[in-house]
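Student: Sharing entry39.csv here; it has CSV, C-alpha atoms (C1' of nucleotides).
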chain,number,residue,atom,x,y,z
A,22,MET,CA,-17.5,-2.4,-82.8
A,23,VAL,CA,-18.5,-3.5,-79.4
A,24,THR,CA,-19.4,-0.8,-77.0
A,25,LYS,CA,-19.2,-0.7,-73.2
A,26,GLN,CA,-23.0,-0.7,-73.0
A,27,GLN,CA,-23.2,-3.9,-75.0
A,28,LEU,CA,-20.7,-5.6,-72.7
A,29,ALA,CA,-22.7,-4.6,-69.6
A,30,GLY,CA,-24.1,-7.6,-67.8
A,31,LEU,CA,-21.6,-10.1,-69.3
A,32,PRO,CA,-19.7,-12.3,-66.9
A,33,GLU,CA,-16.3,-10.5,-67.4
A,34,ASP,CA,-18.1,-7.3,-66.4
A,35,ALA,CA,-19.5,-8.8,-63.3
A,36,ASP,CA,-16.0,-10.0,-62.4
A,37,LEU,CA,-14.7,-6.5,-62.8
A,38,ARG,CA,-17.3,-5.1,-60.6
A,39,ARG,CA,-16.6,-7.7,-57.9
A,40,ALA,CA,-12.9,-6.9,-58.1
A,41,ASP,CA,-13.6,-3.2,-57.7
A,42,SER,CA,-15.8,-3.7,-54.7
A,43,LEU,CA,-13.2,-6.0,-53.2
A,44,ALA,CA,-10.5,-3.3,-53.8
A,45,ARG,CA,-12.7,-0.7,-52.2
A,46,GLU,CA,-13.3,-3.0,-49.2
A,47,ILE,CA,-9.6,-3.6,-48.8
A,48,PHE,CA,-8.9,0.1,-49.2
A,49,SER,CA,-11.5,0.9,-46.5
A,50,ASP,CA,-9.9,-1.6,-44.1
A,51,VAL,CA,-6.4,-0.3,-44.7
A,52,ALA,CA,-7.0,3.4,-45.1
A,53,ASN,CA,-7.5,4.2,-41.5
A,54,LYS,CA,-5.3,5.8,-38.9
A,55,TRP,CA,-4.8,3.0,-36.5
A,56,ALA,CA,-4.1,0.3,-39.1
A,57,LEU,CA,-1.5,2.4,-40.8
A,58,LEU,CA,0.1,3.4,-37.5
A,59,ILE,CA,0.3,-0.2,-36.5
A,60,ILE,CA,1.9,-1.2,-39.7
A,61,GLU,CA,4.4,1.6,-39.4
A,62,ALA,CA,5.2,0.8,-35.8
A,63,LEU,CA,5.8,-2.9,-36.6
A,64,GLY,CA,8.2,-2.2,-39.4
A,65,ASP,CA,10.3,-5.2,-40.1
A,66,ARG,CA,10.4,-6.2,-36.4
A,67,THR,CA,8.6,-8.9,-34.5
A,68,LEU,CA,6.7,-7.4,-31.6
A,69,ARG,CA,4.5,-8.7,-28.8
A,70,PHE,CA,1.0,-7.3,-28.2
A,71,GLY,CA,2.2,-5.3,-25.2
A,72,GLU,CA,5.2,-3.9,-27.0
A,73,LEU,CA,3.1,-2.9,-30.0
A,74,ARG,CA,0.7,-1.2,-27.6
A,75,ALA,CA,3.5,0.9,-26.2
A,76,GLU,CA,4.9,1.7,-29.7
A,77,VAL,CA,1.6,3.0,-31.1
A,78,GLU,CA,1.0,6.0,-28.9
A,79,GLY,CA,-2.5,6.5,-27.7
A,80,ILE,CA,-4.0,3.3,-29.0
A,81,SER,CA,-6.4,1.4,-26.7
A,82,HIS,CA,-6.3,-2.3,-25.9
A,83,LYS,CA,-9.5,-2.7,-27.9
A,84,MET,CA,-8.5,-0.8,-31.0
A,85,LEU,CA,-5.2,-2.7,-31.1
A,86,THR,CA,-6.8,-6.2,-31.0
A,87,GLN,CA,-9.5,-5.1,-33.4
A,88,ASN,CA,-7.1,-3.8,-36.0
A,89,LEU,CA,-4.6,-6.7,-35.5
A,90,ARG,CA,-7.4,-9.2,-36.2
A,91,MET,CA,-8.4,-7.2,-39.3
A,92,LEU,CA,-4.8,-7.0,-40.6
A,93,GLU,CA,-4.3,-10.7,-39.9
A,94,ARG,CA,-7.5,-11.6,-41.7
A,95,ASN,CA,-6.2,-9.7,-44.8
A,96,GLY,CA,-3.0,-11.6,-44.6
A,97,LEU,CA,-0.9,-8.5,-43.8
A,98,LEU,CA,0.6,-9.8,-40.7
A,99,ASP,CA,1.5,-13.1,-39.0
A,100,ARG,CA,0.2,-13.9,-35.5
A,101,LYS,CA,2.3,-16.4,-33.6
A,102,VAL,CA,1.0,-17.7,-30.3
A,103,TYR,CA,3.2,-19.4,-27.8
A,104,PRO,CA,1.1,-21.6,-25.5
A,105,THR,CA,2.9,-20.6,-22.3
A,106,VAL,CA,1.7,-19.0,-19.1
A,107,PRO,CA,1.5,-16.2,-19.3
A,108,PRO,CA,0.7,-16.4,-23.0
A,109,ARG,CA,3.1,-14.8,-25.5
A,110,VAL,CA,1.8,-13.5,-28.9
A,111,GLU,CA,4.1,-12.1,-31.5
A,112,TYR,CA,3.2,-10.1,-34.6
A,113,THR,CA,5.2,-9.8,-37.8
A,114,LEU,CA,4.4,-8.2,-41.2
A,115,THR,CA,4.0,-10.6,-44.1
A,116,GLU,CA,5.3,-9.8,-47.5
A,117,PRO,CA,2.1,-8.1,-48.6
A,118,GLY,CA,2.2,-6.2,-45.3
A,119,ARG,CA,5.7,-5.1,-46.0
A,120,GLY,CA,4.6,-3.9,-49.4
A,121,LEU,CA,1.9,-1.8,-47.8
A,122,ARG,CA,4.4,-0.6,-45.3
A,123,ALA,CA,6.5,0.9,-48.1
A,124,THR,CA,3.6,3.1,-49.1
A,125,VAL,CA,3.0,4.1,-45.5
A,126,ASP,CA,6.6,5.1,-45.2
A,127,ALA,CA,6.2,7.3,-48.3
A,128,MET,CA,3.1,8.9,-46.7
A,129,CYS,CA,5.1,9.6,-43.4
A,130,GLY,CA,7.9,11.0,-45.5
A,131,TRP,CA,5.4,13.2,-47.3
A,132,THR,CA,3.9,14.4,-43.9
A,133,HIS,CA,7.3,15.5,-42.6
A,134,ARG,CA,8.3,17.1,-45.9
A,135,TYR,CA,5.3,19.4,-45.9
A,136,LEU,CA,5.0,19.8,-42.2
A,137,THR,CA,5.7,23.6,-42.0
A,138,HIS,CA,4.0,24.1,-45.4
A,139,ILE,CA,0.8,22.6,-44.0
A,140,GLU,CA,1.1,24.5,-40.7
A,141,ASN,CA,1.3,27.7,-42.6
A,142,ALA,CA,-1.7,26.8,-44.8
A,143,ARG,CA,-3.7,26.1,-41.6
A,144,ASP,CA,-2.8,29.4,-40.1
A,145,ARG,CA,-3.9,31.2,-43.2
A,146,PHE,CA,-7.1,29.3,-43.4
A,147,ASP,CA,-8.0,29.7,-39.7
A,148,THR,CA,-8.0,33.5,-40.0
B,29,MET,CA,28.6,14.0,-22.5
B,30,VAL,CA,25.0,15.3,-22.7
B,31,THR,CA,22.3,12.7,-22.3
B,32,LYS,CA,18.7,12.7,-23.6
B,33,GLN,CA,17.5,13.1,-20.1
B,34,GLN,CA,19.5,16.2,-19.5
B,35,LEU,CA,18.1,17.7,-22.8
B,36,ALA,CA,14.5,17.0,-21.8
B,37,GLY,CA,12.5,20.1,-21.2
B,38,LEU,CA,14.8,22.4,-23.3
B,39,PRO,CA,13.2,24.4,-26.1
B,40,GLU,CA,14.6,22.2,-28.9
B,41,ASP,CA,13.0,19.2,-27.3
B,42,ALA,CA,9.6,21.0,-27.0
B,43,ASP,CA,9.8,21.9,-30.6
B,44,LEU,CA,10.3,18.3,-31.5
B,45,ARG,CA,7.3,17.2,-29.5
B,46,ARG,CA,5.2,19.9,-31.2
B,47,ALA,CA,6.3,18.8,-34.6
B,48,ASP,CA,5.5,15.2,-33.7
B,49,SER,CA,2.0,16.0,-32.5
B,50,LEU,CA,1.5,18.1,-35.6
B,51,ALA,CA,2.6,15.3,-37.8
B,52,ARG,CA,0.3,13.0,-36.0
B,53,GLU,CA,-2.6,15.4,-36.5
B,54,ILE,CA,-1.9,15.7,-40.2
B,55,PHE,CA,-1.6,12.0,-40.5
B,56,SER,CA,-5.0,11.5,-38.7
B,57,ASP,CA,-6.6,14.1,-41.1
B,58,VAL,CA,-5.2,12.5,-44.2
B,59,ALA,CA,-5.2,8.8,-43.3
B,60,ASN,CA,-9.0,8.3,-43.8
B,61,LYS,CA,-10.9,6.6,-46.5
B,62,TRP,CA,-12.8,9.6,-47.9
B,63,ALA,CA,-9.9,12.0,-47.9
B,64,LEU,CA,-7.7,9.6,-49.9
B,65,LEU,CA,-10.5,8.7,-52.3
B,66,ILE,CA,-11.2,12.3,-53.0
B,67,ILE,CA,-7.5,13.0,-53.7
B,68,GLU,CA,-7.3,10.0,-55.9
B,69,ALA,CA,-10.5,11.0,-57.8
B,70,LEU,CA,-9.3,14.5,-58.3
B,71,GLY,CA,-6.0,13.4,-59.8
B,72,ASP,CA,-4.5,16.2,-61.9
B,73,ARG,CA,-7.9,17.4,-63.0
B,74,THR,CA,-10.0,20.4,-62.0
B,75,LEU,CA,-13.5,19.3,-60.9
B,76,ARG,CA,-16.6,20.9,-59.6
B,77,PHE,CA,-18.3,19.8,-56.4
B,78,GLY,CA,-21.0,17.9,-58.2
B,79,GLU,CA,-18.5,16.2,-60.6
B,80,LEU,CA,-16.4,15.2,-57.6
B,81,ARG,CA,-19.4,13.8,-55.9
B,82,ALA,CA,-20.1,11.6,-58.9
B,83,GLU,CA,-16.5,10.4,-59.1
B,84,VAL,CA,-16.2,9.4,-55.5
B,85,GLU,CA,-18.7,6.6,-55.5
B,86,GLY,CA,-20.9,6.4,-52.4
B,87,ILE,CA,-19.8,9.7,-50.7
B,88,SER,CA,-22.5,11.8,-49.2
B,89,HIS,CA,-22.9,15.5,-49.7
B,90,LYS,CA,-21.9,16.1,-46.1
B,91,MET,CA,-18.8,13.9,-46.1
B,92,LEU,CA,-17.6,15.5,-49.3
B,93,THR,CA,-17.9,19.1,-48.1
B,94,GLN,CA,-16.4,18.2,-44.7
B,95,ASN,CA,-13.4,16.5,-46.3
B,96,LEU,CA,-12.9,19.2,-48.9
B,97,ARG,CA,-12.8,21.9,-46.2
B,98,MET,CA,-10.3,19.8,-44.3
B,99,LEU,CA,-8.1,19.3,-47.3
B,100,GLU,CA,-8.4,23.0,-48.2
B,101,ARG,CA,-7.4,23.9,-44.7
B,102,ASN,CA,-4.3,21.8,-44.9
B,103,GLY,CA,-3.4,23.4,-48.2
B,104,LEU,CA,-3.8,20.2,-50.2
B,105,LEU,CA,-6.3,21.6,-52.7
B,106,ASP,CA,-7.4,24.9,-54.1
B,107,ARG,CA,-11.0,26.0,-54.0
B,108,LYS,CA,-12.1,28.5,-56.6
B,109,VAL,CA,-15.5,30.1,-56.4
B,110,TYR,CA,-17.2,31.7,-59.4
B,111,PRO,CA,-19.8,34.2,-58.1
B,112,THR,CA,-22.4,33.3,-60.7
B,113,VAL,CA,-25.9,32.0,-60.4
B,114,PRO,CA,-26.0,29.1,-59.9
B,115,PRO,CA,-22.6,29.2,-58.1
B,116,ARG,CA,-19.7,27.3,-59.6
B,117,VAL,CA,-17.0,25.9,-57.4
B,118,GLU,CA,-13.9,24.2,-58.7
B,119,TYR,CA,-11.3,22.1,-56.9
B,120,THR,CA,-7.7,21.4,-57.9
B,121,LEU,CA,-4.9,19.7,-56.0
B,122,THR,CA,-2.0,21.9,-55.0
B,123,GLU,CA,1.6,20.8,-55.2
B,124,PRO,CA,1.6,19.3,-51.7
B,125,GLY,CA,-1.7,17.6,-52.6
B,126,ARG,CA,-0.2,16.1,-55.7
B,127,GLY,CA,2.7,14.9,-53.6
B,128,LEU,CA,0.2,13.0,-51.4
B,129,ARG,CA,-1.6,11.8,-54.4
B,130,ALA,CA,1.6,10.0,-55.5
B,131,THR,CA,1.6,8.0,-52.3
B,132,VAL,CA,-2.1,7.2,-52.7
B,133,ASP,CA,-1.5,6.0,-56.2
B,134,ALA,CA,1.1,3.7,-54.7
B,135,MET,CA,-1.4,2.4,-52.2
B,136,CYS,CA,-4.0,1.8,-54.9
B,137,GLY,CA,-1.4,0.0,-56.9
B,138,TRP,CA,-0.6,-2.1,-53.9
B,139,THR,CA,-4.3,-2.9,-53.4
B,140,HIS,CA,-4.7,-4.2,-56.9
B,141,ARG,CA,-1.4,-6.1,-56.8
B,142,TYR,CA,-2.4,-8.1,-53.8
B,143,LEU,CA,-6.1,-8.3,-54.5
B,144,THR,CA,-6.4,-12.1,-55.0
B,145,HIS,CA,-3.7,-12.7,-52.4
B,146,ILE,CA,-5.8,-10.9,-49.8
B,147,GLU,CA,-9.0,-12.5,-51.0
B,148,ASN,CA,-7.4,-15.9,-50.4
B,149,ALA,CA,-6.1,-14.9,-47.0
B,150,ARG,CA,-9.6,-13.8,-46.0
B,151,ASP,CA,-11.1,-17.1,-47.1
B,152,ARG,CA,-8.5,-19.0,-45.1
B,153,PHE,CA,-9.1,-16.8,-42.0
B,154,ASP,CA,-12.9,-17.0,-42.2
B,155,THR,CA,-12.9,-20.8,-41.9
C,6,DC,C1',-25.3,24.6,-57.3
C,7,DG,C1',-22.9,24.4,-53.4
C,8,DG,C1',-22.8,25.3,-48.4
C,9,DC,C1',-24.4,25.1,-43.8
C,10,DA,C1',-27.3,23.7,-39.9
C,11,DT,C1',-30.3,20.5,-37.7
C,12,DC,C1',-31.9,16.2,-36.3
C,13,DC,C1',-31.4,11.4,-35.5
C,14,DA,C1',-29.7,6.6,-35.9
C,15,DT,C1',-25.9,3.8,-35.2
C,16,DA,C1',-21.3,2.9,-35.3
C,17,DA,C1',-16.9,3.7,-33.1
C,18,DC,C1',-14.5,4.0,-29.0
C,19,DG,C1',-12.8,3.7,-24.0
C,20,DA,C1',-13.3,1.7,-19.6
C,21,DT,C1',-14.0,-2.1,-17.0
C,22,DA,C1',-14.2,-6.7,-15.7
C,23,DC,C1',-13.7,-11.6,-16.4
C,24,DT,C1',-11.2,-15.9,-18.7
C,25,DG,C1',-7.4,-19.2,-20.0
D,16,DC,C1',-0.2,-11.4,-21.0
D,17,DA,C1',-3.5,-11.4,-24.4
D,18,DG,C1',-8.3,-11.9,-25.7
D,19,DT,C1',-13.2,-11.4,-25.3
D,20,DA,C1',-17.5,-9.4,-23.7
D,21,DT,C1',-20.4,-5.8,-21.9
D,22,DC,C1',-21.8,-1.1,-21.1
D,23,DG,C1',-22.1,3.6,-21.5
D,24,DT,C1',-20.5,7.6,-24.0
D,25,DT,C1',-19.0,10.2,-27.8
D,26,DA,C1',-18.5,10.8,-32.6
D,27,DT,C1',-19.7,9.9,-37.2
D,28,DG,C1',-22.4,10.0,-41.0
D,29,DG,C1',-26.9,10.2,-43.6
D,30,DA,C1',-31.2,12.8,-44.5
D,31,DT,C1',-33.5,16.9,-44.8
D,32,DG,C1',-34.3,21.7,-45.3
D,33,DC,C1',-33.0,26.4,-46.0
D,34,DC,C1',-30.0,30.1,-47.7
D,35,DG,C1',-26.9,32.7,-51.0
Go through the file and emit its structure as structure tokens.
Tutor:
Amino acid sequence: MVTKQQLAGLPEDADLRRADSLAREIFSDVANKWALLIIEALGDRTLRFGELRAEVEGISHKMLTQNLRMLERNGLLDRKVYPTVPPRVEYTLTEPGRGLRATVDAMCGWTHRYLTHIENARDRFDT
Amino acid sequence: MVTKQQLAGLPEDADLRRADSLAREIFSDVANKWALLIIEALGDRTLRFGELRAEVEGISHKMLTQNLRMLERNGLLDRKVYPTVPPRVEYTLTEPGRGLRATVDAMCGWTHRYLTHIENARDRFDT
DNA sequence: CGGCATCCATAACGATACTG
DNA sequence: CAGTATCGTTATGGATGCCG
């Protein structure tokens, strides 16, 4: 019988740890307010930077570029640049991005389903 | 015919705006790394503060209490205090909490599904 | 043991200005 | 129009200590 302890330090184990830390890294990237709101706003459309900025209420220029770069880096969206003047840049979700979008949709659905429930819980707690 | 403009400012409209801002508020609370990791770690178990701290790798004492209070306030988890010495505090997801957990599960599933895909995208981007 | 308060470093963010 | 850089502020999060 081979125990977990005996396996510790073997290559397969190192791989698992690396995969875990990578998963955590991706999760940290993705599990933040602005990233999820951008993905939700984009949906299955193709939007320009300015349009996206208008859709995601309250986001600053800086936050939008920052998160768009991050999402692009992770392969969750495509960034298409048209070399015109003035420049035109379009963003579209990739297939992995649309996959994530499905889970964000679920989360938004959850939010609305429990809206009043949560509001009541808050009132109770705040007294 | 009644247009949206004409409806603006009526009570029903104000209600909608309030619901939206509440939804956004809840979303901001919930769409953060630590909150989601806590919910995922808790699962359908009942865990003590210390156990939870051990489960959620890398979380500090402060972040854990802070997020637990927030989740409790929103009615996503139950906090049960046993007035013993030393004190014993147990946390369990409520029904709304378990609902959210389902979406977090989906998100974790998504992460693992696209792990290598994302890793490749990153390598491509970083060159 | 779990919670709360304090202090402090630094990371996040918004505003602004400049570039292609 | 979109992106980048800089600056100053605010917010976040860790460390520590004390209390019930």
Student: With chain C as the partner and 12 Å as the cut-off, tabulate the residues of chain A that qualify, each row holding the nearest pair of atoms and their distance in Å to one decimal, using only C-alpha atoms (C1' of nucleotides), sorted by chain and rising number, as a tab-separated table.
Tutor:
residue	atom	partner	partner_atom	distance
A:Gly79	CA	C:DG19	C1'	11.3
A:Ile80	CA	C:DG19	C1'	10.1
A:Ser81	CA	C:DG19	C1'	7.3
A:His82	CA	C:DG19	C1'	9.0
A:Lys83	CA	C:DG19	C1'	8.2
A:Met84	CA	C:DC18	C1'	7.9
A:Leu85	CA	C:DC18	C1'	11.7
A:Gln87	CA	C:DC18	C1'	11.3
A:Pro104	CA	C:DG25	C1'	10.4
A:Thr105	CA	C:DG25	C1'	10.6
A:Val106	CA	C:DG25	C1'	9.1
A:Pro107	CA	C:DG25	C1'	9.4
A:Pro108	CA	C:DG25	C1'	9.1
Student: So, counting all atoms listed in the file, which residue among A:Glu111, A:Arg134, A:Glu46, A:Lys54 is closest to chain B?
Tutor: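 Checking each candidate against chain B, we get A:Lys54 as the closest.
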Student: Taking only C-alpha atoms (C1' of nucleotides) into account, what are the residues of chain A at most 8 Å from chain D, put as a PyMOL selection string?
Tutor: chain A and resi 70-71+86+107-110
Student: Keeping only C-alpha atoms, write those residues as a short mmCIF file (atom, residue, chain, number, x, y, z; two decimals), in the frame of the given file.
Tutor:
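The resulting file, part22.cif, is reproduced below:
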data_model
loop_
_atom_site.label_atom_id
_atom_site.label_comp_id
_atom_site.auth_asym_id
_atom_site.auth_seq_id
_atom_site.Cartn_x
_atom_site.Cartn_y
_atom_site.Cartn_z
CA PHE A 70 1.00 -7.30 -28.20
CA GLY A 71 2.20 -5.30 -25.20
CA THR A 86 -6.80 -6.20 -31.00
CA PRO A 107 1.50 -16.20 -19.30
CA PRO A 108 0.70 -16.40 -23.00
CA ARG A 109 3.10 -14.80 -25.50
CA VAL A 110 1.80 -13.50 -28.90
#
Student: Quick check: residues of chain A within 6 Å of chain B, all atoms listed in the file, returned as a list in words.
Tutor: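 Applying the cut-off to the listed atoms yields Ser49, Ala52, Asn53, Lys54, Arg94, Asn95, Gly96, Thr124, Met128, Ile139, Ala142, Arg143 and Phe146 of chain A.
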Student: What gap, in Å, lies between atom CA of Ser49 of chain B and atom CA of Leu96 of chain B?
Tutor: 22.4 Å
Student: Superposing chain A on chain B by least squares with every Cα paired in order, what RMSD results?
Tutor: 0.2 Å
Student: Could you state the separation of atom CA of Lys108 of chain B and atom CA of Leu70 of chain B in Å, given to one decimal place?
Tutor: 14.4 Å
Student: Using atom CA of Asp72 of chain B and atom CA of Tyr119 of chain B as the two end points, give the distance in Å to one decimal.
Tutor: 10.3 Å
Student: Taking the block above, write chain D with N, CA and C atoms (P, O5', C5', C4', C3', O3' and C1' of nucleotides) as a compact mmCIF listing (two decimals), in the first residue's frame.
Tutor:
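Below you can see result-v2.txt, which holds the result:
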# COMPACT_ATOMS: atom_id res chain seq x y z
P DC D 16 -14.26 59.79 -29.60
O5' DC D 16 -13.24 58.60 -29.95
C5' DC D 16 -13.63 57.59 -30.88
C4' DC D 16 -12.64 56.47 -30.72
C3' DC D 16 -12.67 55.78 -29.36
O3' DC D 16 -12.59 54.37 -29.60
C1' DC D 16 -10.51 56.69 -29.74
P DA D 17 -12.81 53.35 -28.47
O5' DA D 17 -11.32 53.05 -28.00
C5' DA D 17 -10.48 52.32 -28.86
C4' DA D 17 -9.07 52.35 -28.35
C3' DA D 17 -8.88 51.75 -26.95
O3' DA D 17 -7.97 50.68 -27.09
C1' DA D 17 -7.76 53.84 -27.14
P DG D 18 -7.48 49.89 -25.76
O5' DG D 18 -6.15 50.68 -25.42
C5' DG D 18 -5.13 50.64 -26.40
C4' DG D 18 -3.91 51.35 -25.87
C3' DG D 18 -3.47 50.84 -24.49
O3' DG D 18 -2.11 50.47 -24.57
C1' DG D 18 -3.61 53.20 -24.51
P DT D 19 -1.42 49.71 -23.36
O5' DT D 19 -0.52 50.85 -22.71
C5' DT D 19 0.35 51.61 -23.54
C4' DT D 19 0.90 52.77 -22.75
C3' DT D 19 1.40 52.39 -21.34
O3' DT D 19 2.78 52.71 -21.28
C1' DT D 19 0.05 54.36 -21.29
P DA D 20 3.63 52.43 -19.96
O5' DA D 20 3.59 53.84 -19.25
C5' DA D 20 3.92 55.01 -19.98
C4' DA D 20 3.93 56.21 -19.05
C3' DA D 20 4.44 55.90 -17.63
O3' DA D 20 5.35 56.92 -17.25
C1' DA D 20 2.26 56.86 -17.53
P DT D 21 6.17 56.80 -15.89
O5' DT D 21 5.45 57.89 -14.99
C5' DT D 21 5.15 59.16 -15.55
C4' DT D 21 4.30 59.95 -14.59
C3' DT D 21 4.67 59.76 -13.11
O3' DT D 21 4.90 61.04 -12.54
C1' DT D 21 2.33 59.54 -13.43
P DC D 22 5.37 61.18 -11.02
O5' DC D 22 4.01 61.60 -10.32
C5' DC D 22 3.28 62.73 -10.81
C4' DC D 22 2.05 62.91 -9.94
C3' DC D 22 2.33 62.75 -8.45
O3' DC D 22 1.65 63.76 -7.73
C1' DC D 22 0.65 61.23 -9.12
P DG D 23 2.14 64.18 -6.31
O5' DG D 23 0.80 64.09 -5.47
C5' DG D 23 -0.43 64.60 -6.00
C4' DG D 23 -1.59 63.82 -5.41
C3' DG D 23 -1.49 63.60 -3.90
O3' DG D 23 -2.72 64.01 -3.32
C1' DG D 23 -1.88 61.54 -5.03
P DT D 24 -2.92 63.96 -1.73
O5' DT D 24 -4.14 62.95 -1.56
C5' DT D 24 -5.27 63.03 -2.43
C4' DT D 24 -6.02 61.72 -2.41
C3' DT D 24 -6.36 61.23 -1.00
O3' DT D 24 -7.78 61.10 -0.93
C1' DT D 24 -5.44 59.47 -2.32
P DT D 25 -8.42 60.94 0.56
O5' DT D 25 -9.22 59.58 0.42
C5' DT D 25 -9.67 59.12 -0.87
C4' DT D 25 -9.57 57.61 -0.92
C3' DT D 25 -10.08 56.91 0.35
O3' DT D 25 -11.18 56.11 -0.07
C1' DT D 25 -8.04 55.95 -0.42
P DA D 26 -11.99 55.22 1.04
O5' DA D 26 -11.51 53.74 0.73
C5' DA D 26 -11.11 53.41 -0.60
C4' DA D 26 -10.50 52.02 -0.63
C3' DA D 26 -11.06 51.04 0.38
O3' DA D 26 -11.18 49.81 -0.29
C1' DA D 26 -8.72 51.26 0.70
P DT D 27 -11.85 48.54 0.41
O5' DT D 27 -10.61 47.56 0.54
C5' DT D 27 -9.71 47.44 -0.58
C4' DT D 27 -8.48 46.67 -0.16
C3' DT D 27 -8.77 45.47 0.74
O3' DT D 27 -8.11 44.36 0.15
C1' DT D 27 -7.04 46.78 1.67
P DG D 28 -8.56 42.87 0.57
O5' DG D 28 -7.30 42.43 1.44
C5' DG D 28 -6.01 42.61 0.90
C4' DG D 28 -4.98 42.55 2.00
C3' DG D 28 -5.23 41.43 3.02
O3' DG D 28 -4.03 40.73 3.19
C1' DG D 28 -4.86 43.46 4.12
P DG D 29 -3.99 39.29 3.88
O5' DG D 29 -2.73 39.38 4.85
C5' DG D 29 -1.49 39.86 4.34
C4' DG D 29 -0.67 40.43 5.49
C3' DG D 29 -0.55 39.48 6.69
O3' DG D 29 0.82 39.36 7.03
C1' DG D 29 -1.27 41.64 7.39
P DA D 30 1.28 38.32 8.19
O5' DA D 30 1.53 39.28 9.43
C5' DA D 30 2.25 40.50 9.25
C4' DA D 30 2.41 41.20 10.59
C3' DA D 30 2.51 40.24 11.79
O3' DA D 30 3.56 40.70 12.63
C1' DA D 30 0.70 41.74 12.10
P DT D 31 3.93 39.78 13.94
O5' DT D 31 3.21 40.55 15.13
C5' DT D 31 3.30 41.97 15.20
C4' DT D 31 2.31 42.50 16.22
C3' DT D 31 2.24 41.67 17.51
O3' DT D 31 2.77 42.45 18.58
C1' DT D 31 0.09 42.38 16.75
P DG D 32 2.92 41.73 20.06
O5' DG D 32 1.65 42.29 20.83
C5' DG D 32 1.28 43.66 20.68
C4' DG D 32 -0.08 43.89 21.32
C3' DG D 32 -0.31 43.10 22.62
O3' DG D 32 -0.84 43.98 23.61
C1' DG D 32 -2.08 42.72 21.10
P DC D 33 -0.96 43.44 25.14
O5' DC D 33 -2.53 43.49 25.38
C5' DC D 33 -3.26 44.68 25.04
C4' DC D 33 -4.74 44.35 25.00
C3' DC D 33 -5.23 43.57 26.23
O3' DC D 33 -6.38 44.23 26.74
C1' DC D 33 -5.92 42.50 24.23
P DC D 34 -6.98 43.79 28.20
O5' DC D 34 -8.42 43.25 27.81
C5' DC D 34 -9.30 44.03 27.00
C4' DC D 34 -10.44 43.15 26.49
C3' DC D 34 -11.07 42.31 27.59
O3' DC D 34 -12.48 42.52 27.60
C1' DC D 34 -10.51 40.97 25.71
P DG D 35 -13.30 42.01 28.91
O5' DG D 35 -14.14 40.77 28.33
C5' DG D 35 -15.20 40.99 27.41
C4' DG D 35 -15.68 39.64 26.88
C3' DG D 35 -16.21 38.73 27.98
O3' DG D 35 -17.55 38.37 27.71
C1' DG D 35 -14.49 37.63 26.68
